[in-house]
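Data from target-v7.csv: CSV, C-alpha atoms and all ligand atoms
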chain,number,residue,atom,x,y,z
A,1,MET,CA,99.1,105.5,138.1
A,2,ALA,CA,99.6,105.1,134.3
A,3,LYS,CA,97.8,107.1,131.7
A,4,VAL,CA,96.2,104.7,129.2
A,5,ILE,CA,96.3,105.7,125.5
A,6,THR,CA,94.8,103.6,122.7
A,7,VAL,CA,96.1,103.9,119.2
A,8,THR,CA,93.5,103.2,116.6
A,9,SER,CA,92.3,104.0,113.1
A,10,GLY,CA,89.4,102.1,111.6
A,11,LYS,CA,91.3,101.2,108.4
A,12,GLY,CA,94.0,98.6,108.6
A,13,GLY,CA,97.6,99.2,107.4
A,14,VAL,CA,97.8,102.9,108.2
A,15,GLY,CA,100.4,102.7,110.9
A,16,LYS,CA,98.9,101.9,114.2
A,17,THR,CA,101.4,99.2,115.2
A,18,THR,CA,104.3,101.2,113.9
A,19,SER,CA,103.1,104.3,115.8
A,20,THR,CA,102.6,102.3,119.1
A,21,ALA,CA,106.1,100.8,118.9
A,22,ASN,CA,107.7,104.1,118.1
A,23,LEU,CA,105.8,106.1,120.7
A,24,GLY,CA,106.4,103.5,123.4
A,25,THR,CA,110.1,103.5,122.6
A,26,ALA,CA,110.1,107.3,122.6
A,27,LEU,CA,108.3,107.6,125.9
A,28,ALA,CA,110.8,105.1,127.4
A,29,MET,CA,113.7,107.1,126.0
A,30,LEU,CA,112.3,110.2,127.7
A,31,GLY,CA,112.6,108.3,131.0
A,32,TYR,CA,109.0,107.1,131.5
A,33,LYS,CA,108.1,103.5,132.4
A,34,VAL,CA,105.9,102.2,129.6
A,35,VAL,CA,103.9,99.1,128.8
A,36,VAL,CA,102.8,98.6,125.2
A,37,MET,CA,99.9,96.2,124.8
A,38,ASP,CA,98.9,94.4,121.7
A,39,ALA,CA,95.1,94.2,121.6
A,40,ASP,CA,95.0,92.6,118.1
A,41,ILE,CA,94.1,89.1,119.4
A,42,GLY,CA,94.6,86.5,116.7
A,43,LEU,CA,96.7,88.8,114.5
A,44,ARG,CA,99.7,89.5,116.8
A,45,ASN,CA,102.1,92.1,115.3
A,46,LEU,CA,103.6,94.4,117.9
A,47,ASP,CA,106.0,91.7,119.0
A,48,VAL,CA,107.6,91.3,115.6
A,49,VAL,CA,107.7,95.1,114.9
A,50,MET,CA,109.7,95.4,118.2
A,51,GLY,CA,111.8,92.3,117.5
A,52,LEU,CA,110.6,90.5,120.6
A,53,GLU,CA,108.8,87.6,119.0
A,54,ASN,CA,111.3,85.0,120.3
A,55,ARG,CA,110.8,86.0,123.9
A,56,ILE,CA,107.1,85.4,124.3
A,57,VAL,CA,106.0,82.7,126.8
A,58,TYR,CA,102.7,84.0,128.0
A,59,ASP,CA,100.2,86.4,126.4
A,60,LEU,CA,97.3,88.7,127.4
A,61,VAL,CA,94.7,85.9,127.3
A,62,ASP,CA,96.9,83.8,129.6
A,63,VAL,CA,96.8,86.6,132.1
A,64,ILE,CA,93.0,86.9,131.8
A,65,GLU,CA,92.5,83.2,132.1
A,66,GLY,CA,94.8,83.0,135.1
A,67,ASN,CA,97.4,80.8,133.5
A,68,CYS,CA,100.1,83.2,134.7
A,69,ARG,CA,100.6,86.4,136.7
A,70,LEU,CA,100.6,89.7,134.8
A,71,ARG,CA,104.4,90.3,135.5
A,72,GLN,CA,105.2,86.9,134.0
A,73,ALA,CA,103.6,87.9,130.7
A,74,LEU,CA,105.4,91.3,130.4
A,75,ILE,CA,108.3,91.1,128.1
A,76,LYS,CA,111.2,93.4,128.7
A,77,ASP,CA,112.4,95.4,125.6
A,78,LYS,CA,115.8,94.6,124.2
A,79,HIS,CA,117.0,98.2,124.4
A,80,GLN,CA,114.9,100.2,126.9
A,81,SER,CA,115.0,98.8,130.4
A,82,GLU,CA,111.7,100.6,131.3
A,83,LEU,CA,109.7,99.4,128.3
A,84,TYR,CA,107.6,96.3,128.4
A,85,LEU,CA,105.4,94.4,125.9
A,86,LEU,CA,102.2,92.6,126.7
A,87,PRO,CA,101.6,90.4,123.7
A,88,ALA,CA,98.3,89.4,122.2
A,89,ALA,CA,97.4,85.8,121.9
A,90,GLN,CA,98.0,84.5,118.4
A,91,THR,CA,96.1,81.2,118.4
A,92,LYS,CA,92.9,82.4,120.1
A,93,ASP,CA,89.9,84.0,118.6
A,94,LYS,CA,89.3,87.7,119.2
A,95,ASP,CA,86.2,86.9,121.2
A,96,ALA,CA,88.2,85.0,123.7
A,97,VAL,CA,88.1,88.0,126.0
A,98,SER,CA,85.3,90.3,127.2
A,99,GLN,CA,85.3,94.0,127.6
A,100,GLU,CA,85.1,93.7,131.4
A,101,GLU,CA,88.1,91.4,131.4
A,102,ILE,CA,90.2,93.8,129.3
A,103,ILE,CA,89.2,96.8,131.6
A,104,GLU,CA,90.3,94.8,134.6
A,105,LEU,CA,93.6,93.9,132.9
A,106,VAL,CA,94.2,97.5,132.0
A,107,ASP,CA,93.5,98.6,135.5
A,108,GLN,CA,96.1,96.1,136.7
A,109,LEU,CA,98.6,97.6,134.2
A,110,ARG,CA,98.0,101.1,135.6
A,111,ASP,CA,100.1,100.2,138.6
A,112,GLU,CA,103.0,98.9,136.5
A,113,ALA,CA,103.9,102.0,134.5
A,114,ASP,CA,103.6,105.7,133.7
A,115,TYR,CA,102.1,105.1,130.3
A,116,VAL,CA,100.2,102.2,128.8
A,117,LEU,CA,99.9,102.3,125.0
A,118,ILE,CA,97.3,99.9,123.5
A,119,ASP,CA,97.7,98.9,119.8
A,120,SER,CA,94.1,98.5,118.5
A,121,PRO,CA,93.0,96.1,115.7
A,122,ALA,CA,91.5,97.6,112.6
A,123,GLY,CA,87.7,97.8,112.3
A,124,ILE,CA,84.9,98.9,114.5
A,125,GLU,CA,83.9,95.5,115.9
A,126,SER,CA,84.5,93.9,119.3
A,127,GLY,CA,88.3,94.0,119.0
A,128,PHE,CA,88.3,97.8,118.6
A,129,LYS,CA,85.7,98.2,121.4
A,130,ASN,CA,87.9,96.1,123.7
A,131,ALA,CA,91.0,98.2,122.8
A,132,ILE,CA,89.4,101.5,123.7
A,133,ALA,CA,87.4,100.2,126.7
A,134,GLY,CA,90.1,101.0,129.2
A,135,ALA,CA,91.5,104.1,127.5
A,136,ASP,CA,91.8,107.5,129.1
A,137,GLU,CA,92.8,109.0,125.7
A,138,VAL,CA,92.6,107.9,122.1
A,139,ILE,CA,95.0,108.6,119.3
A,140,ILE,CA,93.8,108.1,115.7
A,141,VAL,CA,96.2,107.3,113.0
A,142,THR,CA,95.3,108.1,109.4
A,143,THR,CA,97.1,108.5,106.1
A,144,PRO,CA,96.1,111.4,103.7
A,145,GLU,CA,93.8,109.1,101.7
A,146,VAL,CA,90.0,109.1,101.1
A,147,SER,CA,89.3,105.7,102.6
A,148,ALA,CA,91.6,106.2,105.7
A,149,VAL,CA,90.1,109.6,106.5
A,150,ARG,CA,86.6,108.3,106.0
A,151,ASP,CA,87.2,105.5,108.5
A,152,ALA,CA,88.9,107.9,110.9
A,153,ASP,CA,85.7,110.0,110.8
A,154,ARG,CA,83.7,107.0,111.8
A,155,ILE,CA,86.0,106.2,114.7
A,156,ILE,CA,85.9,109.8,116.0
A,157,GLY,CA,82.1,109.5,116.1
A,158,LEU,CA,82.4,106.2,118.0
A,159,CYS,CA,84.9,107.7,120.5
A,160,GLU,CA,82.4,110.4,121.3
A,161,ALA,CA,79.7,107.8,121.6
A,162,TYR,CA,81.8,105.8,124.1
A,163,ASP,CA,82.6,109.0,126.1
A,164,LYS,CA,86.3,108.9,125.3
A,165,GLY,CA,86.4,112.6,124.6
A,166,GLN,CA,88.1,114.1,121.5
A,167,PRO,CA,90.8,111.9,120.1
A,168,ARG,CA,93.9,113.5,118.7
A,169,LEU,CA,95.2,112.7,115.2
A,170,ILE,CA,98.5,111.5,113.7
A,171,VAL,CA,98.8,112.0,110.0
A,172,ASN,CA,101.1,109.2,108.8
A,173,ARG,CA,102.9,108.6,105.5
A,174,LEU,CA,102.7,112.2,104.4
A,175,ARG,CA,104.6,113.0,101.2
A,176,PRO,CA,105.4,116.7,101.1
A,177,LYS,CA,106.3,116.7,97.5
A,178,MET,CA,103.0,115.2,96.4
A,179,VAL,CA,101.1,117.7,98.6
A,180,LYS,CA,103.0,120.5,97.0
A,181,SER,CA,102.1,119.3,93.5
A,182,GLY,CA,98.4,118.9,94.5
A,183,GLU,CA,98.4,115.1,94.3
A,184,MET,CA,98.0,114.4,98.0
A,185,MET,CA,95.7,115.9,100.6
A,186,SER,CA,97.5,118.2,103.0
A,187,VAL,CA,97.4,117.9,106.7
A,188,ASP,CA,95.2,121.0,106.8
A,189,ASP,CA,92.8,119.4,104.3
A,190,VAL,CA,92.5,116.4,106.6
A,191,LEU,CA,92.2,118.5,109.8
A,192,GLN,CA,89.5,120.6,108.2
A,193,ILE,CA,87.5,117.6,107.3
A,194,LEU,CA,87.9,115.7,110.6
A,195,ALA,CA,87.8,118.8,112.9
A,196,ILE,CA,90.0,117.3,115.6
A,197,ASP,CA,93.3,118.3,117.1
A,198,LEU,CA,96.6,117.2,115.5
A,199,ILE,CA,99.2,115.6,117.7
A,200,GLY,CA,101.8,115.1,115.0
A,201,ILE,CA,102.8,114.4,111.4
A,202,ILE,CA,105.0,111.5,110.3
A,203,PRO,CA,106.4,111.5,106.8
A,204,GLU,CA,106.6,108.6,104.4
A,205,ASP,CA,110.0,107.1,105.2
A,206,GLU,CA,111.7,104.0,103.8
A,207,ASP,CA,113.7,103.7,107.0
A,208,VAL,CA,110.4,102.8,108.8
A,209,ILE,CA,110.3,99.7,106.6
A,210,THR,CA,114.0,98.7,106.9
A,211,ALA,CA,113.9,99.2,110.7
A,212,THR,CA,110.7,97.0,110.9
A,213,ASN,CA,112.4,94.4,108.7
A,214,LYS,CA,115.1,94.1,111.4
A,215,GLY,CA,112.8,94.3,114.3
A,216,GLU,CA,114.4,97.5,115.4
A,217,VAL,CA,112.2,100.5,116.2
A,218,LEU,CA,113.3,103.5,114.1
A,219,THR,CA,113.0,106.0,117.0
A,220,LEU,CA,116.0,104.2,118.7
A,221,ASP,CA,118.2,105.8,115.9
A,222,LYS,CA,118.8,109.2,117.3
A,223,SER,CA,119.9,110.5,113.8
A,224,SER,CA,116.5,109.7,112.3
A,225,ARG,CA,114.4,112.7,111.5
A,226,THR,CA,111.2,110.6,111.6
A,227,GLY,CA,112.4,109.2,115.0
A,228,ARG,CA,112.5,112.8,116.2
A,229,TYR,CA,109.0,113.4,115.0
A,230,TYR,CA,107.9,110.4,117.1
A,231,THR,CA,109.8,111.8,120.1
A,232,ASP,CA,108.0,115.1,119.6
A,233,ILE,CA,104.6,113.3,119.7
A,234,ALA,CA,105.7,111.4,122.8
A,235,ARG,CA,106.5,114.8,124.5
A,236,ARG,CA,103.1,116.1,123.5
A,237,LEU,CA,101.5,113.0,125.0
A,238,ALA,CA,103.4,113.7,128.2
A,239,GLY,CA,101.9,117.2,128.3
A,240,GLU,CA,104.9,119.2,127.0
A,241,GLU,CA,104.2,122.1,124.6
A,242,VAL,CA,106.1,121.2,121.5
A,243,PRO,CA,105.0,123.2,118.4
A,244,ILE,CA,104.1,121.1,115.3
A,245,GLU,CA,106.1,122.2,112.4
A,246,PRO,CA,105.1,121.6,108.8
A,247,ILE,CA,107.1,118.8,107.2
A,248,GLU,CA,109.2,119.7,104.2
A,249,ASP,CA,111.2,117.3,102.0
A,250,ASN,CA,114.9,117.5,102.8
A,251,PRO,CA,116.1,120.3,100.5
A,252,THR,CA,118.1,119.3,97.5
A,253,LEU,CA,121.6,120.6,97.1
A,254,PHE,CA,120.4,123.0,94.4
A,255,GLU,CA,117.7,124.4,96.7
A,256,ARG,CA,120.2,124.9,99.4
A,257,ILE,CA,122.6,126.7,97.1
A,258,SER,CA,119.9,129.0,95.6
A,259,GLY,CA,118.7,129.6,99.2
A,260,ILE,CA,122.1,131.0,100.0
A,261,PHE,CA,121.9,133.4,97.1
A,262,ARG,CA,118.4,134.5,98.2
A,263,GLY,CA,119.9,135.2,101.6
A,264,GLY,CA,118.0,132.3,103.1
A,265,ARG,CA,119.2,129.8,105.7
B,266,MET,CA,87.5,128.8,105.4
B,267,ASN,CA,86.0,127.7,102.2
B,268,PHE,CA,84.8,124.1,102.1
B,269,PHE,CA,83.7,124.2,98.5
B,270,ARG,CA,87.0,125.1,97.0
B,271,ARG,CA,87.1,123.0,93.8
B,272,SER,CA,90.8,122.5,93.3
B,273,LYS,CA,92.4,120.7,90.4
B,274,GLY,CA,94.9,117.9,91.1
B,275,SER,CA,93.9,114.6,92.5
B,276,ALA,CA,94.1,115.9,96.1
B,277,GLY,CA,91.3,118.3,95.4
B,278,VAL,CA,89.2,115.5,93.9
B,279,ALA,CA,90.0,113.4,97.0
B,280,ARG,CA,88.9,116.2,99.2
B,281,ASP,CA,85.6,116.8,97.3
B,282,ARG,CA,84.8,113.0,97.3
B,283,LEU,CA,85.5,112.8,101.0
B,284,LEU,CA,83.2,115.7,101.8
B,285,THR,CA,80.4,114.1,99.8
B,286,VAL,CA,80.8,110.6,101.3
B,287,LEU,CA,81.0,112.1,104.8
B,288,VAL,CA,77.6,113.8,104.4
B,289,SER,CA,76.0,110.4,103.9
B,290,ASP,CA,78.1,108.8,106.7
B,291,ARG,CA,77.5,111.5,109.3
B,292,VAL,CA,73.8,112.3,108.7
B,293,LYS,CA,73.0,108.8,107.5
B,294,LEU,CA,71.6,109.8,104.2
B,295,THR,CA,72.3,107.6,101.2
B,296,PRO,CA,74.0,109.3,98.2
B,297,ALA,CA,70.7,108.8,96.3
B,298,MET,CA,68.8,110.7,99.1
B,299,ILE,CA,71.3,113.5,98.9
B,300,ASP,CA,70.8,113.7,95.2
B,301,ASN,CA,67.1,114.0,95.8
B,302,LEU,CA,67.6,116.6,98.4
B,303,LYS,CA,69.7,118.6,96.0
B,304,ARG,CA,67.2,118.2,93.2
B,305,GLU,CA,64.3,119.3,95.3
B,306,LEU,CA,66.2,122.2,96.8
B,307,SER,CA,67.0,123.3,93.3
B,308,GLU,CA,63.3,123.0,92.2
B,309,VAL,CA,62.3,125.3,95.0
B,310,ILE,CA,65.0,127.8,94.3
B,311,LYS,CA,64.3,127.7,90.6
B,312,ARG,CA,60.8,129.0,91.2
B,313,TYR,CA,62.5,132.2,92.3
B,314,LEU,CA,65.8,132.0,90.5
B,315,PRO,CA,65.3,130.2,87.2
B,316,ASN,CA,69.0,129.7,86.2
B,317,ILE,CA,70.0,127.3,88.9
B,318,ASP,CA,71.7,124.1,87.8
B,319,SER,CA,71.2,121.3,90.4
B,320,ASN,CA,74.6,119.8,89.5
B,321,MET,CA,76.2,122.9,90.8
B,322,ILE,CA,74.7,122.6,94.3
B,323,ASP,CA,77.1,121.5,97.0
B,324,ILE,CA,76.1,120.0,100.3
B,325,ALA,CA,78.6,119.2,103.0
B,326,VAL,CA,78.6,118.5,106.7
B,327,THR,CA,80.9,120.9,108.4
B,328,GLN,CA,81.7,121.8,112.0
B,329,THR,CA,80.8,125.0,113.8
B,330,GLU,CA,83.3,126.6,116.1
B,331,ASP,CA,81.8,124.7,119.1
B,332,ASN,CA,82.2,121.4,117.2
B,333,THR,CA,78.7,120.6,116.4
B,334,ASP,CA,77.8,119.4,112.9
B,335,GLN,CA,76.0,121.6,110.5
B,336,LEU,CA,74.7,121.1,107.0
B,337,GLU,CA,76.4,123.7,104.7
B,338,THR,CA,75.1,124.3,101.2
B,339,ARG,CA,76.5,126.4,98.3
B,340,ILE,CA,74.2,127.4,95.5
B,341,PRO,CA,76.1,129.2,92.8
B,342,LEU,CA,73.9,131.7,90.9
B,343,GLY,CA,75.9,131.8,87.7
B,344,ARG,CA,77.3,134.8,86.0
B,345,GLY,CA,75.5,138.1,85.5
B,346,ARG,CA,72.2,139.2,86.8
B,347,LYS,CA,69.9,137.1,84.6
B,348,ALA,CA,67.7,136.1,87.4
C,401,LIG,N1,105.7,106.5,108.0
C,401,LIG,C1,105.8,105.4,107.3
C,401,LIG,N2,106.7,105.3,106.2
C,401,LIG,C2,106.8,104.2,105.5
C,401,LIG,N3,106.2,103.0,105.8
C,401,LIG,C3,105.3,103.0,106.8
C,401,LIG,C4,105.1,104.2,107.6
C,401,LIG,N4,104.2,103.9,108.6
C,401,LIG,C5,103.9,102.6,108.4
C,401,LIG,N5,104.5,102.0,107.4
C,401,LIG,C6,104.4,100.7,106.9
C,401,LIG,O1,103.1,100.4,106.6
C,401,LIG,C7,102.7,99.1,106.9
C,401,LIG,C8,101.5,99.0,107.8
C,401,LIG,O2,101.9,99.6,109.1
C,401,LIG,P1,101.3,99.0,110.4
C,401,LIG,O3,101.9,99.8,111.5
C,401,LIG,O4,101.5,97.5,110.5
C,401,LIG,O5,99.8,99.4,110.3
C,401,LIG,P2,98.5,98.9,111.1
C,401,LIG,O6,99.0,98.5,112.5
C,401,LIG,O7,97.7,100.2,111.2
C,401,LIG,O8,97.8,97.8,110.3
C,401,LIG,C9,103.9,98.4,107.5
C,401,LIG,O9,104.6,97.7,106.5
C,401,LIG,C10,104.8,99.6,107.9
C,401,LIG,O10,106.2,99.3,107.8
C,402,MG,MG,98.6,96.6,113.4
Could I get this structure in the form of structure tokens?
Amino acid sequence: MAKVITVTSGKGGVGKTTSTANLGTALAMLGYKVVVMDADIGLRNLDVVMGLENRIVYDLVDVIEGNCRLRQALIKDKHQSELYLLPAAQTKDKDAVSQEEIIELVDQLRDEADYVLIDSPAGIESGFKNAIAGADEVIIVTTPEVSAVRDADRIIGLCEAYDKGQPRLIVNRLRPKMVKSGEMMSVDDVLQILAIDLIGIIPEDEDVITATNKGEVLTLDKSSRTGRYYTDIARRLAGEEVPIEPIEDNPTLFERISGIFRGGR
Amino acid sequence: MNFFRRSKGSAGVARDRLLTVLVSDRVKLTPAMIDNLKRELSEVIKRYLPNIDSNMIDIAVTQTEDNTDQLETRIPLGRGRKA
């Protein structure tokens, strides 16, 4: 029986789809069977982020409407044999499905995997409600910015109202240098304001953009530091105790040399 | 833990603005109502402590240890013991 985890945020463009793709990949690399589901009906995205857009025949609405069986709509990932995508419909309206239909679909998916990750649309309307309807657990993604944190606060309240328990937080696109110079809110600032548990920190990383350009998920690159941070979050999702370390910028050569003289590492 | 730390830098400004906007979001008071609340609070306090400046009063919604919301206020009394 799969655990169903919805990735949501309130505000758009903060990294929900990127997080879903990377965490799905990371869980599959850890040996779990994973289905990632795109619940952003009408604004399909997860397929292109994972580079699977050319393989889509059926989508989630086709399954609900009975045009195909669930397994026919599941697209196998290019790299991970135990990772599948259930794409959203691109041409249909977001009200094409009801909450009950989504819950039924998610329950069907529970028999197919160890983890089901649902990529939620932005907003607090029906699309968001559908995306969390079947969830056992909610992950909120925010960036350290006023509007994103404000919307995250709203979503936390809604999760409580829908009995989804306390969500856990990913702080995305952190720039340690800016935090240091007092020009970006720190992870602690955000946590103090939102008062929920942190599940991980992802730095701002250009490699996220280049990987996405190519339809490759960054976590596949085992040398990527950001990829390792996603893998750590995946481990925490799977119940492992992995301490969350503060993110530093990679030290400059000068800092490394002066570190040697100070007797540092 | 001090919620009312007024730090320089835009991060501190961001944090203070968020705390203010979340008061209205969480307890469903408009910013105007919060201003009124502050003004009336300061009027009451002024009867006892005449040196209060209502602009210096801070109100924030914070969480207690058991995760319930609480309204936290800070009312600086200024320097010295004039009051
Ligand atoms: N950690 C990061 N570093 C750099 N760019 C990022 C990072 N996370 C997300 N992005 C970029 O931000 C944009 C929005 O991300 P996306 O995952 O589509 O957000 P959402 O699904 O919440 O709308 C994308 O262009 C993505 O490549
Ligand atoms: Mg998205």
Within 9 Å of chain A: residues of chain B, using all atoms listed in the file, as a ChimeraX atom specification: /B:266,268,272-277,279-280,282-284,286-287,290-291,326-328,332
Neighbour list for B:Ala325 as a list in words, cut-off 9 Å, all atoms listed in the file, skip fewer than 3 positions in-chain: Phe268, Phe269, Leu284, Thr285, Leu287, Val288, Gln335, Leu336, Glu337, Thr338 and Arg339 of chain B
Close residues to ligand LIG 401 (chain C) using only C-alpha atoms and all ligand atoms, limit 7 Å, as a list in words: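 Using only C-alpha atoms and all ligand atoms, I find these residues within 7 Å of ligand LIG 401 (chain C): Ser9, Gly12, Gly13, Val14, Gly15, Lys16, Thr17, Thr18, Ser19, Ala122, Asn172, Arg173, Ile202, Pro203, Glu204, Asp205, Glu206, Val208, Ile209 and Thr212 of chain A.
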Write the residues of the preceding selection, restricted to C-alpha atoms, as a tab-separated table (two decimals), keeping the file's coordinate frame.
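The resulting out.tsv:
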chain	number	residue	atom	x	y	z
A	9	SER	CA	92.30	104.00	113.10
A	12	GLY	CA	94.00	98.60	108.60
A	13	GLY	CA	97.60	99.20	107.40
A	14	VAL	CA	97.80	102.90	108.20
A	15	GLY	CA	100.40	102.70	110.90
A	16	LYS	CA	98.90	101.90	114.20
A	17	THR	CA	101.40	99.20	115.20
A	18	THR	CA	104.30	101.20	113.90
A	19	SER	CA	103.10	104.30	115.80
A	122	ALA	CA	91.50	97.60	112.60
A	172	ASN	CA	101.10	109.20	108.80
A	173	ARG	CA	102.90	108.60	105.50
A	202	ILE	CA	105.00	111.50	110.30
A	203	PRO	CA	106.40	111.50	106.80
A	204	GLU	CA	106.60	108.60	104.40
A	205	ASP	CA	110.00	107.10	105.20
A	206	GLU	CA	111.70	104.00	103.80
A	208	VAL	CA	110.40	102.80	108.80
A	209	ILE	CA	110.30	99.70	106.60
A	212	THR	CA	110.70	97.00	110.90
Length of the atom CA of A:Ile247 to atom CA of A:Arg225 vector [Å]: 10.4 Å
Nearby residues (all atoms listed in the file) at most 10 Å from A:Gly51, same-chain spacing under 3 positions excluded, as a list of chain:residue names: A:Asn45, A:Leu46, A:Asp47, A:Val48, A:Asn54, A:Arg55, A:Asp77, A:Lys78, A:Ala211, A:Thr212, A:Asn213, A:Lys214, A:Gly215, A:Glu216, A:Val217
Given the selection you just returned, output its residues as a file containing C-alpha atoms, formatted as a PDB file, in the frame of the given file.
ATOM      1  CA  ASN A  45     102.100  92.100 115.300  1.00  0.00           C
ATOM      2  CA  LEU A  46     103.600  94.400 117.900  1.00  0.00           C
ATOM      3  CA  ASP A  47     106.000  91.700 119.000  1.00  0.00           C
ATOM      4  CA  VAL A  48     107.600  91.300 115.600  1.00  0.00           C
ATOM      5  CA  ASN A  54     111.300  85.000 120.300  1.00  0.00           C
ATOM      6  CA  ARG A  55     110.800  86.000 123.900  1.00  0.00           C
ATOM      7  CA  ASP A  77     112.400  95.400 125.600  1.00  0.00           C
ATOM      8  CA  LYS A  78     115.800  94.600 124.200  1.00  0.00           C
ATOM      9  CA  ALA A 211     113.900  99.200 110.700  1.00  0.00           C
ATOM     10  CA  THR A 212     110.700  97.000 110.900  1.00  0.00           C
ATOM     11  CA  ASN A 213     112.400  94.400 108.700  1.00  0.00           C
ATOM     12  CA  LYS A 214     115.100  94.100 111.400  1.00  0.00           C
ATOM     13  CA  GLY A 215     112.800  94.300 114.300  1.00  0.00           C
ATOM     14  CA  GLU A 216     114.400  97.500 115.400  1.00  0.00           C
ATOM     15  CA  VAL A 217     112.200 100.500 116.200  1.00  0.00           C
TER      16      VAL A 217
END
Pairwise distance for atom CA of A:Gly66 and atom CA of A:Glu104, rounded to one decimal in Å: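 Distance between the two atoms: 12.6 Å.
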Residue among B:Arg304, B:Asp281, B:Ser289, B:Met298 lying closest to B:Ile322, counting all atoms listed in the file: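 Closest residue, counting all atoms listed in the file: B:Arg304.
Candidate residues A:Ile64, A:Ile118, A:Ala2, A:Val97 were compared for distance to ligand MG 402 (chain C), and the nearest is A:Ile118, using all atoms listed in the file.
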Closest of A:Arg235, A:Lys76, A:Arg110, A:Lys94 to A:Gly127 - atom-to-atom distances counting only C-alpha atoms: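 Closest to A:Gly127, using only C-alpha atoms: A:Lys94.
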